Amino acid sequence: MFTLAATGSAVGLGNIWKFPYIAGEHGGGAFVLVYLACLALIGVPIMMAEILIGRRGRQSPINTLQMLGREEDAGSHWGMVGFIGVAAGVIIISFYSVIAGWALAYVARMASGMFSGVTAAGSQSIFSALISDPERLLAWHTIFMVMTTLVVARGVRSGLEQAVKVMMPVLFFLLLLLTAYALNIGEFERSFRFLFQPDFSALSRGGVLIAMGHAFFTLSLGVGAIMVYGSYLPSRVSIAKAALVVALMDTLVALLAGVTIFAIVFANGLPVAAGPGLIFQTLPIAFGQMPGGLFFGTLFFVLLVLAAWTSAISLVEPAVAWLVENRALLRVRAAVVVGVIAWLLGIATVMSFSDWSFRFRFAGEYRNTGVFDLLDILTSGIMLPLGGFSIALFAGWAMSRRSVRDELGGRDGLAFRLWYLAIRYVAPLAVSLVFLHTVGIFGVLG
Ligand code: TRP
């Protein structure tokens, strides 16, 4: 079923790991507001476009775009868009797998009871010890990459859907349990205000681009992942409904995770801008204090791995599908080729947190950075928005109004017109404006 597979793809590290830490780094409320606006105005319409293109083409994204481009007399160069997406997917999985490796490592640490009654400082030092040990990180990264490659090699769609069916309810239960804990420690209100009271002076120019990029990342847009899953959708099912359900679940998970994590941050006097380690430093404190924390904490990290796994599959799938169709590779070989490339590239991220990290001054503050940050900016900040922008142009301008309307149910009602307006004008313009804003064009002009 499409909705299960797409939810599995959308809900992942992006919601629980990335959203809270980037919201913390970019000042909270105003960032969240821009992010939510991007989800509604750009994300959902582009998700619908990816689904309808995928359902109409029913091939790998590269070939689908090429074929539909020809069919619509819009040229065959649209395959290029699919190609950028495939590349972005492979780059993302390279660092995604390393972070999923941290989650794997935390399953073991949680289960060992290491965190029972842990202090904030203790939790921070356990995390630093992990990320400054490249060999350990490489081992966990390898395990996760093997897990992902195995599933993709076997092409087990029904297993994926079953996994998501069990995963989502348990994940929601654990998030609600954490929210209940957060309500109890007295800093919930402050956390809520931090995330939902916009203070635009705290939002930098770069922050706007990162909020928009994350809207693409969290909904799995711009690489053709949703396009692949769109080809599973039976033709009578409503694309708009499917996209809305996926986007709502995705947003709910991110906001629940965020509000809990900042309550723990404030209650323990931790920095909001702790960076990629944020959830690994905060959540163990909560589990270390709550009754049954050993069990719930272990279960939580198991679910985080599971959520990352169902997302990782969709990052690799466009590349593998293309190799199978065009290079006539066996599925197993294609999966291994992509897996090995991603694994090798992942080594750069492994090293980013220790030996290959460098300090530099940014906006008056010293921060550590490494290849990881560069790959993150390259994909979420550039490739995904460009991919999404091109998909919007494809659905809005290259395809005929009639073709897209047929896929969306055939009626020329208000809902269709709103979507068409969003895909033709709002989404492409918004992406362009955010790009221009980031490079500071408006400042120069005005
Ligand atoms: N959406 C996933 C997350 O939030 C990550 C992901 C899976 C993704 N497939 C994608 C991101 C395709 C961009 C493109 O964790």
# chains A, B, ... in the order shown; residues from 1 in each chain; ligands from 1
call {"tool": "residues_near_ligand", "arguments": {"ligand": "ligand 1", "cutoff": "7 Å", "atoms": "only C-alpha atoms and all ligand atoms", "output": "mmCIF file with all heavy atoms, in the first residue's frame"}}
result
data_model
loop_
_atom_site.group_PDB
_atom_site.id
_atom_site.type_symbol
_atom_site.label_atom_id
_atom_site.label_comp_id
_atom_site.auth_asym_id
_atom_site.auth_seq_id
_atom_site.Cartn_x
_atom_site.Cartn_y
_atom_site.Cartn_z
ATOM 1 N N SER A 9 8.948 5.928 4.428
ATOM 2 C CA SER A 9 10.019 6.730 3.843
ATOM 3 C C SER A 9 10.124 8.095 4.512
ATOM 4 O O SER A 9 11.205 8.568 4.857
ATOM 5 C CB SER A 9 9.744 6.917 2.346
ATOM 6 O OG SER A 9 10.589 7.904 1.824
ATOM 7 N N ALA A 10 8.978 8.736 4.716
ATOM 8 C CA ALA A 10 8.991 10.108 5.235
ATOM 9 C C ALA A 10 9.427 10.164 6.697
ATOM 10 O O ALA A 10 10.252 10.993 7.087
ATOM 11 C CB ALA A 10 7.605 10.738 5.059
ATOM 12 N N VAL A 11 8.857 9.291 7.517
ATOM 13 C CA VAL A 11 9.158 9.347 8.946
ATOM 14 C C VAL A 11 10.473 8.624 9.205
ATOM 15 O O VAL A 11 10.595 7.432 8.950
ATOM 16 C CB VAL A 11 8.031 8.697 9.777
ATOM 17 C CG1 VAL A 11 8.413 8.635 11.244
ATOM 18 C CG2 VAL A 11 6.741 9.472 9.584
ATOM 19 N N GLY A 12 11.453 9.366 9.673
ATOM 20 C CA GLY A 12 12.760 8.754 9.895
ATOM 21 C C GLY A 12 13.605 9.637 10.781
ATOM 22 O O GLY A 12 13.088 10.403 11.606
ATOM 23 N N LEU A 13 14.908 9.572 10.574
ATOM 24 C CA LEU A 13 15.828 10.394 11.359
ATOM 25 C C LEU A 13 15.522 11.880 11.174
ATOM 26 O O LEU A 13 15.762 12.684 12.061
ATOM 27 C CB LEU A 13 17.261 10.122 10.912
ATOM 28 C CG LEU A 13 17.793 8.719 11.206
ATOM 29 C CD1 LEU A 13 19.170 8.542 10.572
ATOM 30 C CD2 LEU A 13 17.867 8.483 12.706
ATOM 31 N N GLY A 14 14.992 12.226 9.999
ATOM 32 C CA GLY A 14 14.674 13.621 9.724
ATOM 33 C C GLY A 14 13.731 14.206 10.757
ATOM 34 O O GLY A 14 13.872 15.361 11.156
ATOM 35 N N ASN A 15 12.776 13.406 11.218
ATOM 36 C CA ASN A 15 11.784 13.901 12.160
ATOM 37 C C ASN A 15 12.302 13.943 13.590
ATOM 38 O O ASN A 15 12.063 14.897 14.315
ATOM 39 C CB ASN A 15 10.554 13.001 12.136
ATOM 40 C CG ASN A 15 10.035 12.823 10.743
ATOM 41 O OD1 ASN A 15 10.717 12.273 9.890
ATOM 42 N ND2 ASN A 15 8.859 13.326 10.486
ATOM 43 N N GLY A 89 20.162 11.025 -3.630
ATOM 44 C CA GLY A 89 19.767 9.896 -2.779
ATOM 45 C C GLY A 89 20.976 9.132 -2.270
ATOM 46 O O GLY A 89 21.050 8.773 -1.084
ATOM 47 N N PHE A 216 11.734 19.489 2.256
ATOM 48 C CA PHE A 216 11.946 18.472 1.223
ATOM 49 C C PHE A 216 12.476 17.183 1.845
ATOM 50 O O PHE A 216 12.008 16.085 1.545
ATOM 51 C CB PHE A 216 12.947 18.963 0.165
ATOM 52 C CG PHE A 216 12.373 19.988 -0.770
ATOM 53 C CD1 PHE A 216 12.630 21.342 -0.598
ATOM 54 C CD2 PHE A 216 11.573 19.592 -1.822
ATOM 55 C CE1 PHE A 216 12.092 22.281 -1.460
ATOM 56 C CE2 PHE A 216 11.026 20.527 -2.698
ATOM 57 C CZ PHE A 216 11.286 21.874 -2.513
ATOM 58 N N PHE A 217 13.468 17.340 2.723
ATOM 59 C CA PHE A 217 14.116 16.169 3.314
ATOM 60 C C PHE A 217 13.106 15.314 4.078
ATOM 61 O O PHE A 217 13.034 14.101 3.910
ATOM 62 C CB PHE A 217 15.236 16.641 4.250
ATOM 63 C CG PHE A 217 16.067 15.532 4.823
ATOM 64 C CD1 PHE A 217 17.220 15.104 4.178
ATOM 65 C CD2 PHE A 217 15.719 14.916 6.017
ATOM 66 C CE1 PHE A 217 18.009 14.085 4.703
ATOM 67 C CE2 PHE A 217 16.495 13.890 6.547
ATOM 68 C CZ PHE A 217 17.642 13.477 5.885
ATOM 69 N N THR A 218 12.317 15.972 4.924
ATOM 70 C CA THR A 218 11.445 15.208 5.811
ATOM 71 C C THR A 218 10.325 14.508 5.046
ATOM 72 O O THR A 218 9.860 13.452 5.449
ATOM 73 C CB THR A 218 10.899 16.099 6.950
ATOM 74 O OG1 THR A 218 10.341 15.264 7.951
ATOM 75 C CG2 THR A 218 9.844 17.072 6.461
ATOM 76 N N LEU A 219 9.892 15.090 3.915
ATOM 77 C CA LEU A 219 8.847 14.430 3.130
ATOM 78 C C LEU A 219 9.448 13.515 2.049
ATOM 79 O O LEU A 219 8.718 12.982 1.221
ATOM 80 C CB LEU A 219 7.921 15.463 2.486
ATOM 81 C CG LEU A 219 7.039 16.283 3.440
ATOM 82 C CD1 LEU A 219 6.149 17.248 2.649
ATOM 83 C CD2 LEU A 219 6.175 15.385 4.311
ATOM 84 N N SER A 220 10.762 13.363 2.053
ATOM 85 C CA SER A 220 11.444 12.497 1.075
ATOM 86 C C SER A 220 11.256 12.972 -0.359
ATOM 87 O O SER A 220 11.118 12.167 -1.272
ATOM 88 C CB SER A 220 10.947 11.049 1.160
ATOM 89 O OG SER A 220 11.134 10.521 2.435
ATOM 90 N N LEU A 221 11.255 14.294 -0.562
ATOM 91 C CA LEU A 221 11.000 14.813 -1.904
ATOM 92 C C LEU A 221 12.282 15.183 -2.629
ATOM 93 O O LEU A 221 13.305 15.442 -2.009
ATOM 94 C CB LEU A 221 10.116 16.057 -1.810
ATOM 95 C CG LEU A 221 8.762 15.826 -1.168
ATOM 96 C CD1 LEU A 221 8.013 17.139 -1.038
ATOM 97 C CD2 LEU A 221 7.950 14.826 -1.971
ATOM 98 N N GLY A 222 12.212 15.200 -3.953
ATOM 99 C CA GLY A 222 13.308 15.720 -4.747
ATOM 100 C C GLY A 222 14.304 14.690 -5.236
ATOM 101 O O GLY A 222 15.205 15.026 -5.995
ATOM 102 N N VAL A 223 14.191 13.425 -4.818
ATOM 103 C CA VAL A 223 15.123 12.418 -5.345
ATOM 104 C C VAL A 223 14.400 11.333 -6.154
ATOM 105 O O VAL A 223 15.030 10.442 -6.697
ATOM 106 C CB VAL A 223 15.972 11.741 -4.243
ATOM 107 C CG1 VAL A 223 16.530 12.749 -3.274
ATOM 108 C CG2 VAL A 223 15.198 10.681 -3.499
ATOM 109 N N ALA A 225 12.125 9.321 -4.707
ATOM 110 C CA ALA A 225 11.735 8.237 -3.802
ATOM 111 C C ALA A 225 10.215 8.075 -3.793
ATOM 112 O O ALA A 225 9.682 6.964 -3.918
ATOM 113 C CB ALA A 225 12.241 8.519 -2.390
ATOM 114 N N ALA A 308 14.559 4.665 10.562
ATOM 115 C CA ALA A 308 15.654 5.040 9.669
ATOM 116 C C ALA A 308 15.777 4.016 8.534
ATOM 117 O O ALA A 308 16.032 4.374 7.383
ATOM 118 C CB ALA A 308 16.972 5.116 10.444
ATOM 119 N N SER A 311 13.264 4.422 5.841
ATOM 120 C CA SER A 311 13.571 5.608 5.039
ATOM 121 C C SER A 311 14.752 5.334 4.120
ATOM 122 O O SER A 311 14.758 5.741 2.952
ATOM 123 C CB SER A 311 13.929 6.797 5.934
ATOM 124 O OG SER A 311 12.857 7.114 6.776
ATOM 125 N N ALA A 312 15.755 4.656 4.657
ATOM 126 C CA ALA A 312 16.987 4.403 3.904
ATOM 127 C C ALA A 312 16.694 3.631 2.616
ATOM 128 O O ALA A 312 17.263 3.925 1.560
ATOM 129 C CB ALA A 312 17.972 3.631 4.768
ATOM 130 N N SER A 314 14.203 3.802 0.748
ATOM 131 C CA SER A 314 13.664 4.659 -0.313
ATOM 132 C C SER A 314 14.720 5.611 -0.873
ATOM 133 O O SER A 314 14.527 6.191 -1.927
ATOM 134 C CB SER A 314 12.457 5.439 0.189
ATOM 135 O OG SER A 314 12.876 6.510 1.002
ATOM 136 N N LEU A 315 15.823 5.797 -0.141
ATOM 137 C CA LEU A 315 16.898 6.647 -0.662
ATOM 138 C C LEU A 315 17.709 5.908 -1.718
ATOM 139 O O LEU A 315 18.269 6.505 -2.633
ATOM 140 C CB LEU A 315 17.819 7.077 0.483
ATOM 141 C CG LEU A 315 17.312 8.231 1.346
ATOM 142 C CD1 LEU A 315 18.053 8.279 2.664
ATOM 143 C CD2 LEU A 315 17.456 9.550 0.614
ATOM 144 N N LEU A 384 18.044 18.900 -3.200
ATOM 145 C CA LEU A 384 16.620 18.580 -3.021
ATOM 146 C C LEU A 384 15.716 19.726 -3.474
ATOM 147 O O LEU A 384 14.754 19.493 -4.213
ATOM 148 C CB LEU A 384 16.305 18.189 -1.568
ATOM 149 C CG LEU A 384 17.024 16.955 -1.012
ATOM 150 C CD1 LEU A 384 16.531 16.652 0.399
ATOM 151 C CD2 LEU A 384 16.824 15.747 -1.913
#
call {"tool": "select_by_dssp", "arguments": {"residues": "stretch 127-342 of chain A", "states": "alpha helix (DSSP H)", "output": "MDAnalysis selection string"}}
result
chainID A and resid 127:131 134:154 157:184 188:196 205:218 225:230 239:267 278:289 293:326 331:342
call {"tool": "residues_around", "arguments": {"residues": "A:Val371", "least_positions_apart": "2", "cutoff": "8 Å", "atoms": "only C-alpha atoms", "output": "mmCIF file with N, CA and C atoms, in the first residue's frame"}}
result
data_model
loop_
_atom_site.group_PDB
_atom_site.id
_atom_site.type_symbol
_atom_site.label_atom_id
_atom_site.label_comp_id
_atom_site.auth_asym_id
_atom_site.auth_seq_id
_atom_site.Cartn_x
_atom_site.Cartn_y
_atom_site.Cartn_z
ATOM 1 N N ALA A 348 33.650 9.363 4.963
ATOM 2 C CA ALA A 348 33.929 10.792 5.155
ATOM 3 C C ALA A 348 33.112 11.346 6.313
ATOM 4 N N THR A 349 31.867 10.887 6.437
ATOM 5 C CA THR A 349 31.036 11.351 7.548
ATOM 6 C C THR A 349 31.519 10.777 8.871
ATOM 7 N N SER A 352 34.145 12.853 10.066
ATOM 8 C CA SER A 352 33.785 14.263 10.273
ATOM 9 C C SER A 352 33.697 14.640 11.742
ATOM 10 N N TRP A 356 38.682 14.363 10.920
ATOM 11 C CA TRP A 356 38.529 15.287 9.803
ATOM 12 C C TRP A 356 37.605 16.447 10.135
ATOM 13 N N SER A 357 37.500 16.768 11.402
ATOM 14 C CA SER A 357 36.635 17.888 11.726
ATOM 15 C C SER A 357 37.513 19.123 11.838
ATOM 16 N N THR A 369 33.091 21.719 12.091
ATOM 17 C CA THR A 369 32.380 21.237 10.929
ATOM 18 C C THR A 369 33.210 20.166 10.260
ATOM 19 N N ASP A 373 28.717 18.146 7.320
ATOM 20 C CA ASP A 373 27.937 19.376 7.158
ATOM 21 C C ASP A 373 27.873 19.800 5.694
ATOM 22 N N LEU A 374 28.994 19.607 4.993
ATOM 23 C CA LEU A 374 29.014 19.997 3.584
ATOM 24 C C LEU A 374 28.049 19.136 2.764
ATOM 25 N N LEU A 375 28.043 17.830 3.026
ATOM 26 C CA LEU A 375 27.134 16.950 2.279
ATOM 27 C C LEU A 375 25.686 17.273 2.607
#
call {"tool": "closest_atom_pairs", "arguments": {"of": "stretch 51-160 of chain A", "to": "stretch 251-272 of chain A", "cutoff": "12 Å", "atoms": "only C-alpha atoms", "output": "CSV"}}
result
residue,atom,partner,partner_atom,distance
A:Val118,CA,A:Asn268,CA,11.5
A:Thr119,CA,A:Asn268,CA,8.6
A:Ala120,CA,A:Asn268,CA,6.5
A:Ala121,CA,A:Leu270,CA,9.1
A:Gly122,CA,A:Asn268,CA,11.9
A:Ser123,CA,A:Leu270,CA,10.9
A:Gln124,CA,A:Leu270,CA,9.6
call {"tool": "write_last_selection", "arguments": {"atoms": "C-alpha atoms", "output": "PDB file, in the first residue's frame"}}
result
ATOM      1  CA  VAL A 118      22.486   9.564  34.188  1.00  0.00           C
ATOM      2  CA  THR A 119      23.220  13.283  34.601  1.00  0.00           C
ATOM      3  CA  ALA A 120      23.305  15.757  31.732  1.00  0.00           C
ATOM      4  CA  ALA A 121      27.105  15.850  31.847  1.00  0.00           C
ATOM      5  CA  GLY A 122      27.298  12.064  31.929  1.00  0.00           C
ATOM      6  CA  SER A 123      25.035  11.756  28.931  1.00  0.00           C
ATOM      7  CA  GLN A 124      27.099  14.325  27.014  1.00  0.00           C
TER       8      GLN A 124
END
call {"tool": "atom_distance", "arguments": {"atom1": "atom CA of A:Trp322", "atom2": "atom CA of A:Val237"}}
result
25.9 Å
call {"tool": "residues_around", "arguments": {"residues": "A:Gln289", "least_positions_apart": "2", "cutoff": "8 Å", "atoms": "only C-alpha atoms", "output": "ChimeraX atom specification"}}
result
/A:116-118,285-287,291,293
call {"tool": "closest_residue", "arguments": {"among": "A:Leu4, A:Leu418, A:Val431, A:Val337", "to": "A:Ala392", "atoms": "only C-alpha atoms"}}
result
A:Val431
call {"tool": "atom_distance", "arguments": {"atom1": "atom CA of A:Leu130", "atom2": "atom CA of A:Trp17"}}
result
16.3 Å
call {"tool": "closest_residue", "arguments": {"among": "A:Ala321, A:Leu378, A:Ala247, A:Leu436", "to": "A:Thr3", "atoms": "only C-alpha atoms"}}
result
A:Ala247
call {"tool": "residues_around", "arguments": {"residues": "stretch 159-172 of chain A", "least_positions_apart": "3", "cutoff": "6 Å", "atoms": "only C-alpha atoms", "output": "PDB file with C-alpha atoms, in the first residue's frame"}}
result
ATOM      1  CA  LEU A   4       2.405   2.788   4.358  1.00  0.00           C
ATOM      2  CA  ALA A   5       5.506   2.717   2.178  1.00  0.00           C
ATOM      3  CA  GLY A   8       7.894   4.662   6.178  1.00  0.00           C
ATOM      4  CA  VAL A 156      10.613  -6.985  -0.348  1.00  0.00           C
ATOM      5  CA  LEU A 175       6.556   9.715  21.709  1.00  0.00           C
TER       6      LEU A 175
END
call {"tool": "residues_around", "arguments": {"residues": "stretch 46-59 of chain A", "least_positions_apart": "6", "cutoff": "9 Å", "atoms": "only C-alpha atoms", "output": "PyMOL selection string"}}
result
chain A and resi 65+67-68+219-222+224-235+239-240+242-244+247+321-322+325+388-389+391-392+394-396+404+407-408+419+422-423+427
call {"tool": "closest_residue", "arguments": {"among": "A:Val338, A:Ile377, A:Leu41, A:Met399", "to": "A:Ser94", "atoms": "only C-alpha atoms"}}
result
A:Val338
call {"tool": "closest_residue", "arguments": {"among": "A:Leu39, A:Leu299, A:Ala111, A:Ala307", "to": "A:Tyr96", "atoms": "only C-alpha atoms"}}
result
A:Ala307
call {"tool": "residues_around", "arguments": {"residues": "stretch 30-32 of chain A", "least_positions_apart": "5", "cutoff": "12 Å", "atoms": "only C-alpha atoms", "output": "PyMOL selection string"}}
result
chain A and resi 19-25+37-39+192-215+251+254-255+258-259
call {"tool": "closest_residue", "arguments": {"among": "A:Ala88, A:Trp343, A:Ile93, A:Ile131", "to": "A:Ile382", "atoms": "only C-alpha atoms"}}
result
A:Ala88
call {"tool": "atom_distance", "arguments": {"atom1": "atom CA of A:Phe280", "atom2": "atom CA of A:Ile341"}}
result
27.4 Å
